[in-house]
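Raw input01.txt, compact mmCIF, C-alpha atoms:
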```txt
# COMPACT_ATOMS: atom_id res chain seq x y z
CA MET V 1 0.00 0.00 0.00
CA LYS V 2 2.88 2.32 0.95
CA ARG V 3 4.56 1.54 -2.35
CA ILE V 4 1.48 2.50 -4.30
CA ARG V 5 1.23 5.80 -2.40
CA CYS V 6 4.91 6.56 -3.04
CA ALA V 7 4.49 5.74 -6.69
CA GLY V 8 1.44 8.04 -6.83
CA VAL V 9 3.33 10.93 -5.23
CA GLY V 10 6.30 10.33 -7.53
CA PHE V 11 4.07 10.30 -10.57
CA PHE V 12 2.41 13.54 -9.47
CA LEU V 13 5.76 15.27 -8.85
CA GLY V 14 7.04 14.06 -12.20
CA PHE V 15 3.94 15.40 -13.93
CA VAL V 16 4.26 18.79 -12.22
CA LEU V 17 7.95 19.07 -13.09
CA THR V 18 7.29 18.12 -16.71
CA MET V 19 4.51 20.67 -17.12
CA ALA V 20 6.28 23.52 -15.34
CA PRO V 21 8.48 24.57 -18.29
CA TRP V 22 5.40 24.66 -20.54
CA ASP V 23 3.67 26.94 -18.10
CA LEU V 24 6.72 29.21 -17.91
CA ARG V 25 6.95 29.33 -21.69
CA ALA V 26 3.26 30.29 -21.90
CA GLN V 27 3.88 33.05 -19.36
CA ASP V 28 6.89 34.25 -21.39
CA LYS V 29 4.74 34.33 -24.51
CA GLN V 30 2.15 36.45 -22.74
CA GLN V 31 4.82 38.79 -21.43
CA THR V 32 6.22 39.38 -24.95
CA LYS V 33 2.87 40.71 -26.16
CA THR V 34 3.03 44.42 -26.90
CA LYS V 35 0.49 46.43 -24.95
CA VAL V 36 -1.67 48.60 -27.17
CA ALA V 37 -5.06 50.22 -26.96
CA ALA V 38 -5.97 51.15 -30.51
CA ILE V 39 -5.07 50.44 -34.11
CA GLU V 40 -5.17 52.60 -37.22
CA VAL V 41 -5.61 50.72 -40.48
CA LEU V 42 -3.99 52.37 -43.49
CA PRO V 43 -5.30 51.70 -47.01
CA ILE V 44 -3.96 48.68 -48.91
CA VAL V 45 -0.99 49.64 -51.08
CA SER V 46 -0.73 47.85 -54.42
CA ASP V 47 1.77 49.82 -56.46
CA GLU V 48 3.67 46.94 -58.03
CA ILE V 49 0.78 44.53 -58.40
CA LYS V 50 -2.45 45.73 -59.92
CA LEU V 51 -5.39 44.94 -57.71
CA PRO V 52 -9.00 45.50 -58.82
CA ALA V 53 -10.74 48.28 -56.86
CA GLU V 54 -13.32 45.92 -55.41
CA PHE V 55 -10.58 43.71 -53.94
CA ARG V 56 -8.80 46.73 -52.44
CA ILE V 57 -11.98 48.01 -50.80
CA SER V 58 -13.12 44.58 -49.70
CA LEU V 59 -9.73 43.94 -48.07
CA TYR V 60 -9.92 47.25 -46.21
CA GLU V 61 -13.50 46.85 -45.01
CA ASN V 62 -12.99 43.24 -43.97
CA LEU V 63 -9.84 44.22 -42.06
CA ILE V 64 -11.76 46.88 -40.15
CA ASP V 65 -14.64 44.45 -39.42
CA GLN V 66 -12.42 41.61 -38.27
CA LEU V 67 -10.13 43.78 -36.14
CA GLN V 68 -13.19 45.28 -34.47
CA ALA V 69 -14.72 41.86 -33.89
CA GLY V 70 -11.70 39.81 -32.84
CA GLY V 71 -8.50 41.85 -32.91
CA GLY V 72 -8.63 42.66 -29.21
CA PHE V 73 -8.39 46.43 -29.63
CA GLN V 74 -10.36 49.02 -27.74
CA GLN V 75 -10.67 51.20 -30.83
CA VAL V 76 -10.09 50.62 -34.55
CA TYR V 77 -9.48 53.79 -36.56
CA ARG V 78 -9.76 54.28 -40.29
CA GLU V 79 -7.16 56.18 -42.28
CA GLY V 80 -7.76 59.92 -42.09
CA ASP V 81 -9.85 59.78 -38.90
CA ARG V 82 -9.11 62.96 -36.94
CA ASN V 83 -9.82 61.22 -33.59
CA VAL V 84 -6.66 59.16 -33.99
CA GLN V 85 -4.58 62.06 -32.67
CA ASP V 86 -6.08 61.61 -29.20
CA ALA V 87 -5.45 57.86 -29.15
CA GLY V 88 -2.79 56.57 -26.78
CA ASP V 89 -0.80 53.33 -27.29
CA LEU V 90 -1.63 53.32 -30.96
CA VAL V 91 -0.39 50.74 -33.42
CA ILE V 92 -0.54 51.40 -37.17
CA LEU V 93 -1.12 48.64 -39.73
CA HIS V 94 0.55 49.08 -43.13
CA SER V 95 -0.45 46.52 -45.79
CA THR V 96 1.34 46.05 -49.10
CA VAL V 97 0.19 43.56 -51.74
CA ARG V 98 2.96 41.08 -52.61
CA GLY V 99 1.04 38.62 -54.74
CA PHE V 100 -2.37 38.27 -56.30
CA LYS V 101 -3.95 35.60 -58.45
CA GLN V 102 -7.54 36.16 -59.47
CA GLY V 103 -9.17 32.78 -59.90
CA SER V 104 -12.56 31.94 -61.31
CA GLU V 105 -15.65 31.01 -59.35
CA ARG V 106 -16.97 29.14 -62.37
CA ALA V 107 -13.77 27.07 -62.65
CA ARG V 108 -13.91 26.27 -58.93
CA GLN V 109 -17.49 25.09 -59.13
CA VAL V 110 -17.01 23.06 -62.28
CA THR V 111 -13.64 21.43 -61.56
CA THR V 112 -13.22 21.76 -57.74
CA VAL V 113 -9.42 21.73 -58.09
CA ALA V 114 -8.85 24.72 -60.36
CA GLY V 115 -9.71 28.42 -60.16
CA ALA V 116 -8.51 29.28 -56.65
CA THR V 117 -8.11 32.97 -55.82
CA SER V 118 -5.18 33.88 -53.61
CA ILE V 119 -3.70 37.07 -52.29
CA LYS V 120 -0.48 37.60 -50.34
CA ILE V 121 -0.01 40.79 -48.34
CA HIS V 122 2.91 42.03 -46.30
CA CYS V 123 1.57 43.39 -43.02
CA LEU V 124 3.72 45.74 -40.98
CA PHE V 125 2.61 46.88 -37.54
CA THR V 126 4.39 50.02 -36.33
CA ASP V 127 3.98 52.36 -33.43
CA LYS V 128 2.98 56.02 -33.75
CA ASN V 129 6.57 57.05 -34.57
CA GLY V 130 6.98 54.44 -37.29
CA LYS V 131 9.05 52.00 -35.25
CA PRO V 132 8.34 48.45 -36.53
CA LEU V 133 6.71 46.18 -33.96
CA LEU V 134 5.86 43.18 -36.10
CA ASP V 135 5.96 42.27 -39.79
CA GLN V 136 4.59 39.21 -41.47
CA ASP V 137 3.36 37.97 -44.85
CA ILE V 138 -0.26 36.88 -44.58
CA ASP V 139 -2.31 35.26 -47.33
CA GLY V 140 -5.98 34.90 -48.09
CA LYS V 141 -7.43 32.12 -50.24
CA VAL V 142 -10.68 30.82 -51.59
CA ARG V 143 -10.47 27.27 -52.95
CA PHE V 144 -13.93 25.74 -53.12
CA PHE V 145 -17.02 27.71 -52.11
CA GLY V 146 -17.73 31.40 -52.40
CA GLY V 147 -16.91 34.29 -54.67
CA ASN V 148 -13.44 35.64 -55.34
CA LEU V 149 -13.87 38.34 -52.70
CA ARG V 150 -14.04 35.67 -50.02
CA ALA V 151 -10.23 35.57 -50.16
CA THR V 152 -10.24 39.05 -48.63
CA TYR V 153 -12.36 37.81 -45.70
CA ASP V 154 -9.95 34.91 -45.17
CA PHE V 155 -7.01 37.33 -45.13
CA ALA V 156 -8.72 39.67 -42.66
CA LYS V 157 -9.52 36.81 -40.28
CA LYS V 158 -5.85 35.80 -40.26
CA VAL V 159 -4.69 39.37 -39.62
CA ALA V 160 -7.06 39.65 -36.65
CA LYS V 161 -5.64 36.39 -35.27
CA VAL V 162 -2.04 37.62 -35.68
CA ALA V 163 -2.97 40.87 -33.93
CA ARG V 164 -4.68 39.01 -31.09
CA ASN V 165 -1.66 36.74 -30.59
CA ASN V 166 0.91 39.53 -30.60
CA PHE V 167 -0.77 42.48 -28.93
CA SER V 168 -2.61 42.74 -25.67
CA LEU V 169 -5.09 45.34 -24.65
CA ASN V 170 -3.69 48.10 -22.50
CA ALA V 171 -6.82 49.33 -20.76
CA HIS V 172 -6.50 52.87 -19.38
CA MET U 173 -55.83 84.49 -91.14
CA SER U 174 -55.06 85.65 -87.65
CA LEU U 175 -53.93 83.48 -84.71
CA PRO U 176 -55.96 83.71 -81.51
CA CYS U 177 -54.34 85.82 -78.83
CA HIS U 178 -54.17 83.05 -76.21
CA SER U 179 -52.39 80.69 -78.64
CA VAL U 180 -49.65 83.25 -79.18
CA THR U 181 -49.31 83.78 -75.43
CA VAL U 182 -48.98 80.02 -74.82
CA ALA U 183 -46.39 79.72 -77.59
CA VAL U 184 -44.32 82.63 -76.24
CA LEU U 185 -44.52 81.33 -72.67
CA SER U 186 -43.49 77.81 -73.68
CA VAL U 187 -40.45 79.19 -75.55
CA LEU U 188 -39.50 81.38 -72.59
CA LEU U 189 -39.95 78.65 -69.97
CA SER U 190 -38.35 75.80 -71.92
CA PRO U 191 -34.83 76.39 -70.48
CA LEU U 192 -36.32 76.08 -66.99
CA ALA U 193 -37.96 72.82 -67.90
CA LEU U 194 -34.73 71.22 -69.14
CA PRO U 195 -32.81 71.05 -65.84
CA SER U 196 -35.71 69.39 -64.07
CA PHE U 197 -35.77 66.79 -66.83
CA ALA U 198 -32.01 66.26 -66.54
CA GLN U 199 -32.21 65.77 -62.78
CA GLN U 200 -34.54 62.84 -62.90
CA PRO U 201 -33.31 60.39 -60.26
CA VAL U 202 -31.50 57.28 -61.44
CA SER U 203 -33.00 54.26 -59.73
CA VAL U 204 -31.69 50.68 -59.97
CA PRO U 205 -33.76 47.95 -58.30
CA GLY U 206 -32.08 44.57 -57.75
CA THR U 207 -28.86 46.12 -56.46
CA LYS U 208 -26.85 44.13 -53.93
CA GLU U 209 -24.74 45.84 -51.29
CA VAL U 210 -21.76 43.52 -50.94
CA ILE U 211 -19.84 45.25 -48.14
CA GLY U 212 -19.14 48.59 -46.50
CA LEU U 213 -22.38 50.56 -46.26
CA ALA U 214 -22.86 51.74 -42.68
CA GLY U 215 -26.09 50.52 -41.13
CA VAL U 216 -26.75 47.90 -43.80
CA LYS U 217 -25.95 44.21 -43.42
CA ASN U 218 -23.54 42.77 -45.97
CA LYS U 219 -25.08 41.10 -49.04
CA THR U 220 -28.38 42.96 -48.74
CA LYS U 221 -30.51 43.40 -51.85
CA GLY U 222 -32.34 46.65 -52.38
CA THR U 223 -32.90 49.65 -54.60
CA LEU U 224 -30.16 52.14 -55.30
CA THR U 225 -31.20 55.68 -56.19
CA VAL U 226 -29.12 58.75 -57.02
CA ASP U 227 -31.03 61.95 -56.36
CA LYS U 228 -30.38 65.51 -55.18
CA GLY U 229 -26.73 64.98 -54.32
CA PHE U 230 -27.25 61.75 -52.42
CA LEU U 231 -27.00 58.04 -53.09
CA HIS U 232 -29.87 56.23 -51.37
CA PHE U 233 -30.00 52.50 -50.74
CA VAL U 234 -33.34 51.15 -49.58
CA HIS U 235 -34.16 47.61 -48.48
CA SER U 236 -37.63 47.28 -46.89
CA LYS U 237 -37.24 49.36 -43.69
CA VAL U 238 -33.47 49.76 -43.91
CA LYS U 239 -32.39 53.01 -45.50
CA ALA U 240 -28.89 54.34 -45.98
CA GLU U 241 -27.62 57.37 -47.80
CA LEU U 242 -24.29 58.82 -48.85
CA ALA U 243 -23.63 62.38 -49.95
CA THR U 244 -22.04 62.46 -53.40
CA ALA U 245 -19.75 65.28 -52.24
CA THR U 246 -18.03 62.89 -49.80
CA MET U 247 -17.20 60.36 -52.54
CA THR U 248 -13.52 60.46 -53.43
CA ASP U 249 -13.57 57.73 -56.07
CA VAL U 250 -16.22 55.89 -58.07
CA ILE U 251 -15.12 52.86 -60.11
CA THR U 252 -17.18 50.44 -62.16
CA GLY U 253 -16.34 46.88 -63.17
CA GLU U 254 -17.80 43.65 -64.49
CA ASP U 255 -18.44 40.31 -62.86
CA SER U 256 -20.72 37.34 -63.08
CA GLN U 257 -22.65 35.12 -60.69
CA ARG U 258 -24.28 31.72 -60.77
CA ALA U 259 -27.73 31.76 -62.30
CA ILE U 260 -28.92 29.54 -59.43
CA GLY U 261 -27.40 30.98 -56.28
CA GLY U 262 -27.92 30.90 -52.53
CA THR U 263 -28.64 27.76 -50.54
CA LEU U 264 -30.28 26.05 -53.50
CA GLY U 265 -27.17 26.76 -55.56
CA THR U 266 -24.95 25.17 -52.91
CA LEU U 267 -27.21 22.14 -52.67
CA THR U 268 -27.07 21.58 -56.43
CA MET U 269 -23.31 21.00 -56.02
CA PHE U 270 -24.18 17.63 -54.50
CA ALA U 271 -26.59 16.66 -57.25
CA PRO U 272 -25.81 13.31 -58.94
CA TYR U 273 -23.93 12.72 -62.20
CA GLY U 274 -22.21 16.13 -62.09
CA SER U 275 -25.43 17.95 -62.86
CA GLY U 276 -24.59 20.56 -60.20
CA ARG U 277 -21.33 21.32 -61.95
CA PHE U 278 -23.17 21.56 -65.24
CA LEU U 279 -25.58 24.10 -63.72
CA SER U 280 -22.56 26.16 -62.58
CA LEU U 281 -21.84 26.90 -66.21
CA PHE U 282 -24.97 29.04 -66.41
CA ARG U 283 -24.07 32.47 -65.11
CA THR U 284 -25.59 35.93 -65.24
CA LYS U 285 -23.45 38.97 -65.93
CA LEU U 286 -23.47 41.87 -63.51
CA ASP U 287 -21.77 45.18 -62.97
CA THR U 288 -19.84 46.20 -59.89
CA LEU U 289 -19.79 49.71 -58.47
CA THR U 290 -17.03 50.53 -55.99
CA ILE U 291 -17.20 53.80 -54.07
CA GLU U 292 -14.62 55.32 -51.73
CA TYR U 293 -15.89 58.02 -49.38
CA ARG U 294 -14.98 59.91 -46.22
CA ASP U 295 -17.10 60.04 -43.08
CA ASP U 296 -17.66 63.14 -40.91
CA ALA U 297 -14.42 62.52 -38.98
CA GLY U 298 -12.44 62.16 -42.22
CA GLY U 299 -12.12 58.36 -42.02
CA LEU U 300 -11.83 56.40 -45.25
CA HIS U 301 -14.67 54.04 -46.13
CA GLY U 302 -15.41 51.86 -49.12
CA VAL U 303 -18.60 50.30 -50.36
CA ILE U 304 -19.18 47.72 -53.09
CA PHE U 305 -22.45 47.22 -54.95
CA THR U 306 -23.36 44.73 -57.64
CA LEU U 307 -25.96 45.88 -60.14
CA PRO U 308 -27.73 44.32 -63.11
CA ALA U 309 -25.49 44.33 -66.18
CA GLY U 310 -25.23 47.67 -67.98
CA LYS U 311 -26.47 49.85 -65.11
CA ALA U 312 -23.25 50.85 -63.34
CA GLY U 313 -22.16 53.30 -66.04
CA ALA U 314 -25.37 55.34 -65.75
CA VAL U 315 -25.14 55.41 -61.95
CA LYS U 316 -21.50 56.51 -62.07
CA LYS U 317 -22.33 59.20 -64.61
CA GLU U 318 -25.06 60.56 -62.36
CA LEU U 319 -22.89 60.42 -59.24
CA VAL U 320 -20.11 62.34 -60.97
CA ALA U 321 -22.63 64.87 -62.32
CA GLN U 322 -23.84 65.43 -58.75
CA GLY U 323 -20.42 66.06 -57.24
CA ALA U 324 -18.63 62.72 -56.79
CA ARG U 325 -15.00 62.44 -57.89
CA THR U 326 -13.48 59.63 -59.90
CA SER U 327 -10.00 58.49 -60.89
CA ILE U 328 -11.31 57.04 -64.17
CA PRO U 329 -13.26 59.68 -66.15
CA VAL U 330 -16.74 58.87 -67.42
CA GLN U 331 -16.78 58.21 -71.15
CA GLU U 332 -19.36 60.34 -72.95
CA GLY U 333 -22.13 58.59 -74.85
CA SER U 334 -21.87 55.18 -73.21
CA ASP U 335 -24.27 54.60 -70.35
CA SER U 336 -23.04 51.09 -69.78
CA GLN U 337 -19.39 52.14 -69.60
CA THR U 338 -17.40 50.04 -67.22
CA SER U 339 -13.77 50.23 -66.32
CA LYS U 340 -12.22 46.86 -66.94
CA PRO U 341 -10.47 45.45 -63.93
CA PRO U 342 -6.73 45.18 -64.39
CA SER U 343 -5.44 41.88 -65.65
CA PRO U 344 -4.49 39.66 -62.76
CA THR U 345 -0.73 39.94 -62.82
CA GLY U 346 1.49 39.16 -59.94
CA GLU U 347 3.66 36.47 -58.57
CA LYS U 348 2.08 33.16 -57.77
CA PRO U 349 1.91 32.89 -54.04
```
Please, can you express the file's structure as structure tokens?
Amino acid sequence: MKRIRCAGVGFFLGFVLTMAPWDLRAQDKQQTKTKVAAIEVLPIVSDEIKLPAEFRISLYENLIDQLQAGGGFQQVYREGDRNVQDAGDLVILHSTVRGFKQGSERARQVTTVAGATSIKIHCLFTDKNGKPLLDQDIDGKVRFFGGNLRATYDFAKKVAKVARNNFSLNAH
Amino acid sequence: MSLPCHSVTVAVLSVLLSPLALPSFAQQPVSVPGTKEVIGLAGVKNKTKGTLTVDKGFLHFVHSKVKAELATATMTDVITGEDSQRAIGGTLGTLTMFAPYGSGRFLSLFRTKLDTLTIEYRDDAGGLHGVIFTLPAGKAGAVKKELVAQGARTSIPVQEGSDSQTSKPPSPTGEKP
């Protein structure tokens, strides 16, 4: 009986010691999150790669929607908004199109494997003074169902997730 | 043969008042039923169908009780384009994908053409907004023309004499991601 109890205690201690580093790593990850309160989204830049106007606008509007819904920011500002000057702990999102392939909804529906639309955008998060905080290439795709503009929704969802994982709300 | 006095008066008055009658004729509102708001119009749910009207310096979008309007003076860019959609759409369209013997795929070949209308505008605080509409084919040019006539700006000038003018979207060039 004593042996079983000792084995149980040993197993428990072993488990705790094994899990401890994971817990510390998780705490480290949380500590590395930059504290921000608001984000300003700048318009999508597509100088080198021509992007249809509807894609550009859809990207921008979906970004705003997704960052408001799940980005973890107190306030999401649009480019040109005069209220941004009063915002503290502001992060600015710059997006530059790096790749774009306009697929075909018809081809997707007829063949399933062809006609995917994809878009790759370089996202740079900076502070108010332009100091880079995070940069990453993020893509948006539509492979099976939905119109071509659904790729912009996919992209925006991923950006919101990146923002949520790397920034934490600094409530005043 | 002498003309009656009142006939002459009517003729003179109609000649004198005709320039006043012309502007009112020119400012007849452009109305497009069957317009779909894809994204971006404040106060309207995405993918809402309704009627788009351009009148007296405003763009109105009405869907049953939901009404939204945009002042043409706030519009910084108006761009038209072309697209197409499945003839059988919505839930029924998705269900047909699972129809036997590839009949769903066959139905996907039937598509209706439509125009897209993309508008960039600024809100009261100066923030940039964008809204996308899809309209029945051939209608976007007339709407754009009317918007520009009522104060909206555009980066692609309206071509005279073509109501169904659309600006072709740029060819999809870019590296393969």
*For chain V, which residue among U:Lys237, U:Lys228, U:Lys219, U:Arg283 is the nearest when counting all atoms listed in the file?*
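Looking at the shortest contact to chain V, the residue is U:Arg283.
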*asked:* My list of candidates is V:Gly80, V:Pro132, V:Gly88, V:Gly146. Which is closest to chain U when distances are computed with all atoms listed in the file?
replied: V:Gly80
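Computed from the coordinates, the atom CA of Gln322 of chain U to atom CA of Asp81 of chain V distance equals 24.9 Å.
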*Kindly extract all protein, DNA and RNA residues lying within 9 Å of the coordinates (-28.4, 51.0, -51.5) given in the file, considering all atoms listed in the file, and supply them as a PyMOL selection string.*
chain U and resi 207-209+213+216+220-225+231-235+239-241+305
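Minimum atom-to-atom distance to chain U, evaluated using all atoms listed in the file, belongs to V:Pro52 out of V:Gly70, V:Pro52, V:Gly130, V:Gly103.
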Which residues of chain V come within 10 Å of chain U, and for each one, what is the closest pair of atoms and their distance in Å to one decimal, counting all atoms listed in the file, sorted by chain and residue number, as a Markdown table?
```
| residue | atom | partner | partner_atom | distance |
| --- | --- | --- | --- | --- |
| V:Val41 | CA | U:Leu300 | CA | 9.7 |
| V:Leu42 | CA | U:Leu300 | CA | 9.0 |
| V:Pro43 | CA | U:Leu300 | CA | 8.2 |
| V:Glu48 | CA | U:Gly346 | CA | 8.3 |
| V:Ile49 | CA | U:Gly346 | CA | 5.6 |
| V:Lys50 | CA | U:Pro342 | CA | 6.2 |
| V:Leu51 | CA | U:Pro342 | CA | 6.8 |
| V:Pro52 | CA | U:Pro341 | CA | 5.3 |
| V:Ala53 | CA | U:Thr290 | CA | 6.7 |
| V:Glu54 | CA | U:Thr290 | CA | 5.9 |
| V:Phe55 | CA | U:Ile304 | CA | 9.5 |
| V:Arg56 | CA | U:Gly302 | CA | 9.0 |
| V:Ile57 | CA | U:Gly302 | CA | 5.4 |
| V:Ser58 | CA | U:Ile211 | CA | 6.9 |
| V:Leu59 | CA | U:Gly302 | CA | 9.8 |
| V:Tyr60 | CA | U:Gly302 | CA | 7.7 |
| V:Glu61 | CA | U:Gly212 | CA | 6.1 |
| V:Asn62 | CA | U:Ile211 | CA | 8.3 |
| V:Ile64 | CA | U:His301 | CA | 9.8 |
| V:Asp65 | CA | U:Gly212 | CA | 9.4 |
| V:Tyr77 | CA | U:Gly299 | CA | 7.6 |
| V:Arg78 | CA | U:Gly299 | CA | 5.0 |
| V:Glu79 | CA | U:Gly299 | CA | 5.4 |
| V:Gly80 | CA | U:Gly299 | CA | 4.6 |
| V:Asp81 | CA | U:Gly299 | CA | 4.1 |
| V:Arg82 | CA | U:Ala297 | CA | 5.7 |
| V:Asn83 | CA | U:Ala297 | CA | 7.2 |
| V:Val84 | CA | U:Gly299 | CA | 9.7 |
| V:Val97 | CA | U:Gly346 | CA | 9.4 |
| V:Arg98 | CA | U:Glu347 | CA | 7.6 |
| V:Gly99 | CA | U:Glu347 | CA | 5.1 |
| V:Phe100 | CA | U:Gly346 | CA | 5.4 |
| V:Lys101 | CA | U:Pro344 | CA | 5.9 |
| V:Gln102 | CA | U:Pro344 | CA | 5.7 |
| V:Gly103 | CA | U:Pro344 | CA | 8.8 |
| V:Ser104 | CA | U:Ser256 | CA | 9.9 |
| V:Glu105 | CA | U:Gln257 | CA | 8.2 |
| V:Arg106 | CA | U:Ser280 | CA | 6.3 |
| V:Ala107 | CA | U:Leu281 | CA | 8.8 |
| V:Arg108 | CA | U:Ser280 | CA | 9.4 |
| V:Gln109 | CA | U:Arg277 | CA | 6.1 |
| V:Val110 | CA | U:Arg277 | CA | 4.7 |
| V:Thr111 | CA | U:Arg277 | CA | 7.7 |
| V:Thr112 | CA | U:Arg277 | CA | 9.1 |
| V:Ser118 | CA | U:Pro349 | CA | 7.2 |
| V:Ile119 | CA | U:Pro349 | CA | 7.2 |
| V:Lys120 | CA | U:Pro349 | CA | 6.4 |
| V:Ile121 | CA | U:Pro349 | CA | 9.9 |
| V:Asp139 | CA | U:Pro349 | CA | 8.3 |
| V:Phe145 | CA | U:Thr266 | CA | 8.4 |
| V:Gly146 | CA | U:Thr266 | CA | 9.5 |
| V:Gly147 | CA | U:Gln257 | CA | 8.4 |
| V:Leu149 | CA | U:Val210 | CA | 9.6 |
```
*Between atom CA of Ala151 of chain V and atom CA of Phe125 of chain V, what is the spacing in Å?*
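Pair atom CA of Phe125 of chain V / atom CA of Ala151 of chain V returns 21.3 Å.
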*asked:* What's around Leu134 of chain V at 9 Å? Count all atoms listed in the file, leave out sequence neighbours fewer than 5 positions away in its own chain, and write the answer as a list of chain:residue names.
replied: V:Cys123, V:Leu124, V:Phe125, V:Thr126, V:Asn166
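You can rank V:Leu93, V:Val142, V:Ala87, V:Ala114 by their closest distance to Ile44 of chain V using all atoms listed in the file, and at the top of that list sits V:Leu93.
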_Just the number, please: distance in Å from atom CA of Gly206 of chain U to atom CA of Thr306 of chain U, one decimal._
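Between atom CA of Gly206 of chain U and atom CA of Thr306 of chain U the gap works out to 8.7 Å.
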*Option closest in space to Thr244 of chain U, from U:Gly313, U:Val226, U:Leu307, U:Thr268 [counting only C-alpha atoms]*: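 The shortest atom-to-atom distance to Thr244 of chain U comes from U:Val226.
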*So which one's closest to Lys157 of chain V, V:Leu63, V:Thr34, V:Ile39, V:Val113? Using only C-alpha atoms, please.*
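Of V:Leu63, V:Thr34, V:Ile39, V:Val113, the one nearest Lys157 of chain V is V:Leu63, counting only C-alpha atoms.
Taking only C-alpha atoms into account, those protein, DNA and RNA residues with any atom at most 12 Å away from (-3.7, 37.0, -33.7) amount to Lys33, Gln66, Leu67, Gly70, Gly71, Gly72, Phe73, Leu134, Gln136, Ile138, Phe155, Ala156, Lys157, Lys158, Val159, Ala160, Lys161, Val162, Ala163, Arg164, Asn165, Asn166, Phe167 and Ser168 of chain V.
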